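Read the structure below first, then the notes.
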Amino acid sequence: MWSHSLYLIAKSKIELKIKIMKQILLILSLIFSTSLVHSQLANQAPNIISCDDNNDGVLSFDLTINNSVILGSQNPNDFSVTYYLTQSEAENNIAPIATPASYFNSANPQVIYARITENSSGSYDTTDFSIEVLPIPLINDPSSLEICDDDLDGFTVFDLVSKNEEILNNLSNVSISYYETESDASSISNPISNPSSYLNVVANTQTIYVNVQDIITTCFTITTLDLIALDCTDSDSDGVIDSSEDLNSNGNLNDDDTDMDNIANYLDDDDDGDNVATINEINISSGRSSNQINPFVDTDSDLIENYLDDDDDGDNVLTIDEDYNNNGDPTDDDTDNSGIPDYLEMNVALSIGSFNFKNLKTYPNPSREIVYVENLNIESIISVYDIQGRQINVNIQRNTTNGFKFNTRNLNRGIYLVKIQDGEKQKSIKLVVDN
């Protein structure tokens, strides 16, 4: 009897233990299955930083490149990754970014919110990261590098480094390198090893690619530099090469005669006939190298180079008439002892009768149609010339007893010279036609 009771008690305890273990196993099973179903985790994604393409602070970003990082080891077939502009939108799955592969930032930098959602259960987690646009170096597009080709074979040595200052425009913390191809410049590979003494590999004209990179952000920009091996033949040895004396760019050197002395400019060592040699007029600018073309020298800023301008200082007194000591050379006249020849100094214009047109009026200037010239003798002769020295056929009409007029409507936009001859007196007036 006693043994049977002990048996029943033991059996009851075993059954209770089994029941408890079953309950524990059930609970563990539920916990395990729940962890499998709701295992979504939004891993922290890295910030996306890109270099600007036009320095406006706005760029297209592919946010989806962070999908794999956010998912981690989670199966992409079981989860979805979406992007939002605010945390609230991400939490509530409202207004996801429609085109995450090509999203244009609306601020710089800007925080983007990402949501990972378990497809079957809808369970989710969120994270965030920043997108930022970094500026590229702001540089100047350089002018062509033109060097004389003495043997006319199309090849010469160029100092590319001489363009650094023009390109960089005082930028600091940048590196500059030169390349023969655009692809090399973009990949920053195979730079020209000797940029200060580079022999062009394409005859006559070659385009070089310049990479300027910010050494801190590594953002870079690319520009081009044209190398031109010039035929520097200078038939009249006036310092202006023959090709530059083709002012109308028609390939014919013989029809350019600025001072109308029947000597073409390329054979004339005084192209504007002002008794100042062309070579002296272009060498006012210091630092000119023997293998470079002449610099643009324009003392009176009228857009006519001095060597083509018969009034270099714009004082309405012809340069040839500022030879006040009458020795045939205006360059040695300095009546105010300023150290600057009178023909280059506007405030020096002596009252010499041969060029005194006291009451002369020419208007409007700039002109679009009718130009009036007033207060002249009835015998005065008016002629109009273009900058190449060619006389322009305009109909000069008498307007009043002491005035003339002509129409510029059919003239091309540019600068012209109105030459007035009144007996022994003469005067040249620059006329701007702005059609």
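Just remember, in the structure tokens the first chain shown is A, the second B, etc., residues are 1-based per chain, and ligands are 1-based in the order shown.
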
Neighbour list for range 265-281 of chain A as a ChimeraX atom specification, cut-off 9 Å, only C-alpha atoms, skip fewer than 5 positions in-chain: /A:234-246,253-260,297,305-311,318-321,323,328-331,389

Using only N, CA and C atoms, please write the residues we just selected to a file, as an mmCIF file, in the first residue's frame.
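Wrote it out as part.cif, contents follow:
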```
data_model
loop_
_atom_site.group_PDB
_atom_site.id
_atom_site.type_symbol
_atom_site.label_atom_id
_atom_site.label_comp_id
_atom_site.auth_asym_id
_atom_site.auth_seq_id
_atom_site.Cartn_x
_atom_site.Cartn_y
_atom_site.Cartn_z
ATOM 1 N N ASP A 234 58.480 87.447 -89.858
ATOM 2 C CA ASP A 234 58.234 88.880 -89.687
ATOM 3 C C ASP A 234 58.973 89.610 -90.796
ATOM 4 N N SER A 235 58.297 89.777 -91.917
ATOM 5 C CA SER A 235 58.954 90.273 -93.126
ATOM 6 C C SER A 235 59.530 91.665 -92.962
ATOM 7 N N ASP A 236 58.891 92.523 -92.167
ATOM 8 C CA ASP A 236 59.381 93.890 -92.016
ATOM 9 C C ASP A 236 60.134 94.100 -90.711
ATOM 10 N N SER A 237 60.348 93.018 -89.953
ATOM 11 C CA SER A 237 61.108 93.077 -88.699
ATOM 12 C C SER A 237 60.588 94.150 -87.752
ATOM 13 N N ASP A 238 59.259 94.270 -87.702
ATOM 14 C CA ASP A 238 58.679 95.291 -86.825
ATOM 15 C C ASP A 238 58.168 94.712 -85.523
ATOM 16 N N GLY A 239 58.430 93.407 -85.305
ATOM 17 C CA GLY A 239 57.997 92.778 -84.068
ATOM 18 C C GLY A 239 56.606 92.196 -84.109
ATOM 19 N N VAL A 240 55.877 92.413 -85.197
ATOM 20 C CA VAL A 240 54.545 91.828 -85.380
ATOM 21 C C VAL A 240 54.650 90.813 -86.507
ATOM 22 N N ILE A 241 54.364 89.535 -86.190
ATOM 23 C CA ILE A 241 54.540 88.500 -87.204
ATOM 24 C C ILE A 241 53.544 88.687 -88.334
ATOM 25 N N ASP A 242 53.908 88.177 -89.499
ATOM 26 C CA ASP A 242 53.097 88.396 -90.699
ATOM 27 C C ASP A 242 51.661 87.944 -90.513
ATOM 28 N N SER A 243 51.459 86.777 -89.880
ATOM 29 C CA SER A 243 50.094 86.265 -89.741
ATOM 30 C C SER A 243 49.220 87.191 -88.907
ATOM 31 N N SER A 244 49.816 87.937 -87.984
ATOM 32 C CA SER A 244 49.041 88.884 -87.181
ATOM 33 C C SER A 244 48.730 90.158 -87.953
ATOM 34 N N GLU A 245 49.438 90.370 -89.063
ATOM 35 C CA GLU A 245 49.196 91.584 -89.850
ATOM 36 C C GLU A 245 48.120 91.375 -90.917
ATOM 37 N N ASP A 246 47.543 90.169 -90.918
ATOM 38 C CA ASP A 246 46.370 89.921 -91.775
ATOM 39 C C ASP A 246 45.150 90.347 -90.977
ATOM 40 N N LEU A 253 47.739 89.044 -97.231
ATOM 41 C CA LEU A 253 48.471 90.070 -96.493
ATOM 42 C C LEU A 253 48.567 91.385 -97.238
ATOM 43 N N ASN A 254 48.315 91.361 -98.515
ATOM 44 C CA ASN A 254 48.570 92.547 -99.331
ATOM 45 C C ASN A 254 47.435 93.571 -99.317
ATOM 46 N N ASP A 255 46.283 93.217 -98.739
ATOM 47 C CA ASP A 255 45.182 94.182 -98.735
ATOM 48 C C ASP A 255 44.989 94.830 -97.364
ATOM 49 N N ASP A 256 46.011 94.727 -96.503
ATOM 50 C CA ASP A 256 45.956 95.373 -95.190
ATOM 51 C C ASP A 256 46.966 96.520 -95.181
ATOM 52 N N ASP A 257 46.459 97.740 -95.184
ATOM 53 C CA ASP A 257 47.325 98.919 -95.256
ATOM 54 C C ASP A 257 46.701 100.004 -94.393
ATOM 55 N N THR A 258 46.975 99.960 -93.092
ATOM 56 C CA THR A 258 46.303 100.839 -92.140
ATOM 57 C C THR A 258 46.533 102.313 -92.438
ATOM 58 N N ASP A 259 47.775 102.694 -92.762
ATOM 59 C CA ASP A 259 48.060 104.118 -92.954
ATOM 60 C C ASP A 259 47.931 104.570 -94.408
ATOM 61 N N MET A 260 47.464 103.636 -95.274
ATOM 62 C CA MET A 260 47.168 103.975 -96.679
ATOM 63 C C MET A 260 48.365 104.610 -97.399
ATOM 64 N N VAL A 297 48.804 96.201 -76.738
ATOM 65 C CA VAL A 297 49.110 97.481 -76.100
ATOM 66 C C VAL A 297 48.131 98.531 -76.628
ATOM 67 N N GLU A 305 44.992 98.747 -81.109
ATOM 68 C CA GLU A 305 46.367 98.650 -80.636
ATOM 69 C C GLU A 305 47.176 99.869 -81.080
ATOM 70 N N ASN A 306 48.117 100.270 -80.241
ATOM 71 C CA ASN A 306 48.905 101.466 -80.533
ATOM 72 C C ASN A 306 49.560 101.418 -81.909
ATOM 73 N N TYR A 307 50.047 100.248 -82.301
ATOM 74 C CA TYR A 307 50.780 100.197 -83.569
ATOM 75 C C TYR A 307 49.859 100.351 -84.780
ATOM 76 N N LEU A 308 48.530 100.317 -84.520
ATOM 77 C CA LEU A 308 47.549 100.556 -85.583
ATOM 78 C C LEU A 308 46.772 101.844 -85.351
ATOM 79 N N ASP A 309 47.122 102.585 -84.308
ATOM 80 C CA ASP A 309 46.373 103.762 -83.868
ATOM 81 C C ASP A 309 47.216 105.015 -84.102
ATOM 82 N N ASP A 310 46.695 105.954 -84.875
ATOM 83 C CA ASP A 310 47.475 107.168 -85.134
ATOM 84 C C ASP A 310 47.234 108.250 -84.089
ATOM 85 N N ASP A 311 46.468 107.909 -83.031
ATOM 86 C CA ASP A 311 46.305 108.797 -81.873
ATOM 87 C C ASP A 311 46.348 107.914 -80.635
ATOM 88 N N LEU A 318 46.800 113.879 -83.443
ATOM 89 C CA LEU A 318 47.498 112.764 -84.075
ATOM 90 C C LEU A 318 48.898 112.628 -83.493
ATOM 91 N N THR A 319 49.323 111.387 -83.318
ATOM 92 C CA THR A 319 50.656 111.125 -82.780
ATOM 93 C C THR A 319 51.734 111.851 -83.580
ATOM 94 N N ILE A 320 51.583 111.853 -84.894
ATOM 95 C CA ILE A 320 52.595 112.498 -85.743
ATOM 96 C C ILE A 320 52.681 113.989 -85.483
ATOM 97 N N ASP A 321 51.561 114.571 -84.969
ATOM 98 C CA ASP A 321 51.546 116.003 -84.680
ATOM 99 C C ASP A 321 52.029 116.316 -83.272
ATOM 100 N N ASP A 323 54.971 115.636 -82.369
ATOM 101 C CA ASP A 323 56.418 115.800 -82.543
ATOM 102 C C ASP A 323 56.716 117.285 -82.404
ATOM 103 N N GLY A 328 60.966 114.783 -86.386
ATOM 104 C CA GLY A 328 60.468 113.586 -87.062
ATOM 105 C C GLY A 328 60.287 112.385 -86.154
ATOM 106 N N ASP A 329 60.416 112.575 -84.835
ATOM 107 C CA ASP A 329 60.318 111.460 -83.898
ATOM 108 C C ASP A 329 59.493 111.877 -82.684
ATOM 109 N N PRO A 330 58.213 111.457 -82.609
ATOM 110 C CA PRO A 330 57.379 111.837 -81.452
ATOM 111 C C PRO A 330 57.808 111.182 -80.147
ATOM 112 N N THR A 331 58.682 110.195 -80.195
ATOM 113 C CA THR A 331 59.019 109.474 -78.968
ATOM 114 C C THR A 331 59.927 110.259 -78.023
ATOM 115 N N GLY A 389 42.391 100.095 -92.260
ATOM 116 C CA GLY A 389 42.882 101.184 -93.096
ATOM 117 C C GLY A 389 42.200 101.265 -94.444
#
```

With the cut-off set at 10 Å and counting only C-alpha atoms, tabulate each residue of range 205-304 of chain A with an atom at most that distance from an atom of range 50-58 of chain A, showing the nearest atom pair and its distance in Å to one decimal, ordered by chain and increasing number, as CSV.
```
residue,atom,partner,partner_atom,distance
A:Thr217,CA,A:Cys51,CA,8.5
A:Thr218,CA,A:Cys51,CA,8.6
A:Cys219,CA,A:Cys51,CA,5.5
A:Phe220,CA,A:Cys51,CA,7.8
A:Thr221,CA,A:Asp53,CA,8.2
```

Residues just named, written with C-alpha atoms as a PDB file, in the first residue's frame:
```
ATOM      1  CA  THR A 217      38.877  67.252 -50.482  1.00  0.00           C
ATOM      2  CA  THR A 218      40.455  65.612 -53.599  1.00  0.00           C
ATOM      3  CA  CYS A 219      37.748  67.252 -55.737  1.00  0.00           C
ATOM      4  CA  PHE A 220      39.110  68.419 -59.066  1.00  0.00           C
ATOM      5  CA  THR A 221      38.189  70.312 -62.189  1.00  0.00           C
TER       6      THR A 221
END
```

CA of Asn77 in chain A to CA of Pro96 in chain A, straight-line distance in Å: 19.4 Å

Residues of range 80-112 of chain A in strand (DSSP E), written as JSON, numbers by chain: {"A": [80, 81, 82, 83, 84, 103, 104, 110, 111, 112]}

Selection above as a file: C-alpha atoms, as a PDB file, in the first residue's frame:
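Result went into out35.pdb, see below:
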```pdb
ATOM      1  CA  SER A  80      12.617  46.650 -48.468  1.00  0.00           C
ATOM      2  CA  VAL A  81      14.752  49.778 -48.058  1.00  0.00           C
ATOM      3  CA  THR A  82      13.149  53.198 -48.611  1.00  0.00           C
ATOM      4  CA  TYR A  83      14.386  56.755 -48.069  1.00  0.00           C
ATOM      5  CA  TYR A  84      12.731  59.851 -46.578  1.00  0.00           C
ATOM      6  CA  TYR A 103      17.883  62.322 -55.884  1.00  0.00           C
ATOM      7  CA  PHE A 104      18.874  66.004 -56.080  1.00  0.00           C
ATOM      8  CA  GLN A 110      21.389  67.193 -45.952  1.00  0.00           C
ATOM      9  CA  VAL A 111      20.260  64.365 -43.670  1.00  0.00           C
ATOM     10  CA  ILE A 112      18.525  61.416 -45.346  1.00  0.00           C
TER      11      ILE A 112
END
```

Asn190 in chain A environment, 10 Å, only C-alpha atoms, sequence neighbours closer than 5 positions dropped, as a list in words: Ser177, Tyr178, Tyr179, Glu180, Thr181, Ser183, Asp184 and Ala185 of chain A
